[in-house]
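Novice: Dumping the structure here so I can ask a few things about it.
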Amino acid sequence: MATVARAIALAGAFHHCSHITIRSPRRLYHSCRAIHNPKVQIKEEGQPQTLDYRVFLVDHSGKKVSPWHDIPLHLGDGVFNFVVEIPKDTSAKMEVATDELYTPIKQDTKKGKLRYYPYNINWNYGLLPQTWEDPSFSNPEVEGALGDNDPVDVVEIGERQRRIGQILKVKPLAALAMIDEGELDWKIVAISLDDPTASLVNDVDDVEKHFPGTLVAIRDWFRDYKIPDGKPANWFALGNKVANKDYALKIINETNESWAKLMKRSIPAGDLSLL
């Protein structure tokens with residue numbers, strides 16, 4: 001019954017939502033919550049922290065849409081949409097299910113068990129829609145590493161904890177070229193436009209000034225988070241340095257072009273869901 005009460009409380013908190021349905025507190029849990037775009041809502045199916053839990057996005061008619069393919073990337077003037085997968089100060093490893101219809105957000109698994117980070121992530125984390133790191137492209141700027149076959153990741157450094165599935169308008173500030181078990185896994189450092197400090201930060205040097213130590217903390221967090229599981233540390237190309245805003249914009253545009261080729265079937269999709 002506590003789960004039911006929580007669901008009702010969540011639904012009431014986001015009053016633009018049109019409905020909430022709960023059939024069984026143990027087996028089926030549906031809720032619907034509005035986000036900043038009134039044409040798109042968050043719809044949860046299943047219980048959080050279970051194998052069946054999914055977070056979908058639905059349009060005004062209730063039709064499911066893909067957070068990866070259907071949310072536009074570009075908003076103009078160097079601003080982009082960002083979809084939250086993992087809220088700040090949480091540890092459940094949530095991710096877009098790139099091989100499932102409508103690519104909902106789910107909790108990652110390993111050997112049939114739900115995955116958690118060994119400690120909380122200190123920033124909002126998620127993806128840039130309509131981007132793709134091409135696993136067939138050997139990038140000469142990062143020692144020939146191949147893309148990791150996922151959308152580009154974003155580390156949003158604002159002060160507020162956001163919600164799974166929430167769409168934020170962000171501006172990129174920097175980029176890190178993480179190499180994870182030989183695969184290139186870009187991390188774009190960004191800030192939401194509605195953060196109180198957003199107007200103060202426009203490039204990598206501003207991050208150092210107004211968020212001292214944050215870039216080093218991000219690099220160290222992603223370098224070390226697999227070590228408690230007995231895996232080697234990740235490492236960073238580009239001389240272990242943080243690239244500036246212009247470089248981040250270049251990466252976003254390149255991976256958006258890769259996504260467009262994927263959607264045109266110019267590149268084999270493999271198990272990826274393109275619907």
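How things are named: the first chain in the structure tokens is A, the next is B, and so on; residues count from 1 in each chain; ligands count from 1 in the order shown.
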DSSP says helix (DSSP H, G or I) for which residues of stretch 12-251 of chain A? Put them as a PyMOL selection string?
Specialist: chain A and resi 12-13+140-142+198-200+204-210+214-224+227-229+238-240+245-251
Novice: Find the residues around A:Asp70 up to 10 Å (only C-alpha atoms counted), leave out those fewer than 3 positions away in its own chain, and share them as a count of residues only.
Specialist: 10
Novice: Which residue out of A:Gln161, A:Thr103, A:Thr131, A:Thr50 has the minimum interatomic distance to A:Glu257 when only C-alpha atoms are used?
Specialist: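 Looking at the shortest contact to A:Glu257, the residue is A:Thr131.
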Novice: Residues within 10 Å of A:Asp220, please, as a PDB file with C-alpha atoms, in the first residue's frame. Count only C-alpha atoms; anything in the same chain fewer than 5 positions from it doesn't count.
Specialist:
ATOM      1  CA  THR A 214      33.750  19.630 -10.782  1.00  0.00           C
ATOM      2  CA  LEU A 215      35.495  18.634 -14.019  1.00  0.00           C
ATOM      3  CA  TYR A 225      33.334   3.500 -10.816  1.00  0.00           C
ATOM      4  CA  ALA A 233      39.777   1.766 -14.478  1.00  0.00           C
ATOM      5  CA  ASN A 234      38.460   3.593 -17.516  1.00  0.00           C
ATOM      6  CA  TRP A 235      40.771   6.132 -19.137  1.00  0.00           C
TER       7      TRP A 235
END
Novice: Within 10 Å of A:Ile188, counting only C-alpha atoms, which residues show up once you throw out same-chain ones fewer than 2 positions away? Write them as a list of chain:residue names, please.
Specialist: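 Listed by chain and then number, they are A:Tyr125, A:Gly126, A:Leu127, A:Leu128, A:Val152, A:Asp153, A:Val154, A:Val155, A:Glu156, A:Lys171, A:Pro172, A:Leu173, A:Ala174, A:Ala175, A:Leu176, A:Ala177, A:Asp185, A:Trp186, A:Ala190, A:Ile191, A:Val242, A:Ala243, A:Asn244, A:Lys245, A:Tyr247, A:Ala248, A:Leu249, A:Ile251, A:Ile252.
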Novice: Can I get the selected residues back with C-alpha atoms, as a PDB file, in the first residue's frame?
Specialist:
ATOM      1  CA  TYR A 125      23.028  11.872 -16.203  1.00  0.00           C
ATOM      2  CA  GLY A 126      21.384  10.913 -19.457  1.00  0.00           C
ATOM      3  CA  LEU A 127      21.445  11.180 -23.223  1.00  0.00           C
ATOM      4  CA  LEU A 128      21.314  13.564 -26.124  1.00  0.00           C
ATOM      5  CA  VAL A 152      25.882  10.407 -26.477  1.00  0.00           C
ATOM      6  CA  ASP A 153      25.929  10.776 -22.692  1.00  0.00           C
ATOM      7  CA  VAL A 154      25.428  14.052 -20.830  1.00  0.00           C
ATOM      8  CA  VAL A 155      26.567  15.005 -17.333  1.00  0.00           C
ATOM      9  CA  GLU A 156      24.335  17.887 -16.230  1.00  0.00           C
ATOM     10  CA  LYS A 171      23.899  24.125 -23.237  1.00  0.00           C
ATOM     11  CA  PRO A 172      27.110  22.113 -23.626  1.00  0.00           C
ATOM     12  CA  LEU A 173      30.203  23.368 -21.849  1.00  0.00           C
ATOM     13  CA  ALA A 174      32.880  20.707 -22.275  1.00  0.00           C
ATOM     14  CA  ALA A 175      33.570  17.131 -23.400  1.00  0.00           C
ATOM     15  CA  LEU A 176      35.489  14.126 -22.113  1.00  0.00           C
ATOM     16  CA  ALA A 177      36.595  11.259 -24.364  1.00  0.00           C
ATOM     17  CA  ASP A 185      32.035   6.791 -24.718  1.00  0.00           C
ATOM     18  CA  TRP A 186      31.745  10.578 -24.966  1.00  0.00           C
ATOM     19  CA  ALA A 190      26.308  20.628 -19.780  1.00  0.00           C
ATOM     20  CA  ILE A 191      24.012  22.748 -17.660  1.00  0.00           C
ATOM     21  CA  VAL A 242      38.712  18.174 -20.903  1.00  0.00           C
ATOM     22  CA  ALA A 243      37.807  19.576 -24.320  1.00  0.00           C
ATOM     23  CA  ASN A 244      36.119  22.952 -24.656  1.00  0.00           C
ATOM     24  CA  LYS A 245      32.613  23.906 -25.768  1.00  0.00           C
ATOM     25  CA  TYR A 247      34.831  20.627 -29.426  1.00  0.00           C
ATOM     26  CA  ALA A 248      31.733  19.400 -27.577  1.00  0.00           C
ATOM     27  CA  LEU A 249      29.534  20.989 -30.260  1.00  0.00           C
ATOM     28  CA  ILE A 251      31.065  15.882 -31.260  1.00  0.00           C
ATOM     29  CA  ILE A 252      27.325  16.511 -30.958  1.00  0.00           C
TER      30      ILE A 252
END
Novice: Excluding A:Glu183 and any residue of its chain fewer than 5 positions from it, enumerate the residues within 8 Å of it, using only C-alpha atoms, and give them as a list in words.
Specialist: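 The neighbour list is Ala145, Leu146, Gly147 and Asp148 of chain A.
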Novice: Please list as a list in words every residue within 12 Å of A:Lys231, counting only C-alpha atoms and excluding residues in the same chain fewer than 6 positions away.
Specialist: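 Surrounding residues, per the criterion: Asp180, Glu181, Arg223, Asp224 and Tyr225 of chain A.
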Novice: Just list the residues in stretch 49-201 of chain A DSSP gives strand (DSSP E or B) on the backbone, as a PyMOL selection string.
Specialist: chain A and resi 54-59+64-65+74-76+79-86+90-92+94-96+105-107+109-110+113-114+116-121+124-128+138-139+145-147+152-156+167-180+183-192
Novice: For a quick check of understanding, using only C-alpha atoms, which of A:Gly239, A:Ser266, A:Pro104, A:Leu193 has the smallest distance to A:Glu141?
Specialist: A:Gly239
Novice: Mind giving me the straight-line distance from atom CA of A:Thr109 to atom CA of A:Thr255 in Å, one decimal?
Specialist: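 Between atom CA of A:Thr109 and atom CA of A:Thr255 the gap is 25.9 Å.
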Novice: Show me a table, sorted first by chain and then by increasing residue number, of the residues of stretch 222-251 of chain A having an atom at most 12 Å from stretch 111-123 of chain A, each with its shortest atom pair and the distance in Å to one decimal, counting only C-alpha atoms and written as CSV.
Specialist:
residue,atom,partner,partner_atom,distance
A:Phe222,CA,A:Ile121,CA,9.4
A:Asp224,CA,A:Pro118,CA,10.0
A:Tyr225,CA,A:Pro118,CA,6.8
A:Lys226,CA,A:Pro118,CA,8.0
A:Ile227,CA,A:Pro118,CA,9.2
A:Pro228,CA,A:Pro118,CA,6.9
A:Asp229,CA,A:Pro118,CA,8.2
A:Gly230,CA,A:Pro118,CA,11.6
Novice: When distances are computed from only C-alpha atoms, which of A:Val201, A:Ile164, A:Val142, A:Met263 shows the smallest separation from A:His69?
Specialist: A:Met263
Novice: Could you state the separation of atom CA of A:Val170 and atom CA of A:Phe82 in Å, given to one decimal place?
Specialist: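 Between atom CA of A:Val170 and atom CA of A:Phe82 the gap works out to 6.5 Å.
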Novice: Of the candidates A:Met94, A:Ile42, A:Met178, A:Ile267, which one gets nearest to A:Gly62 if we count only C-alpha atoms?
Specialist: A:Ile42
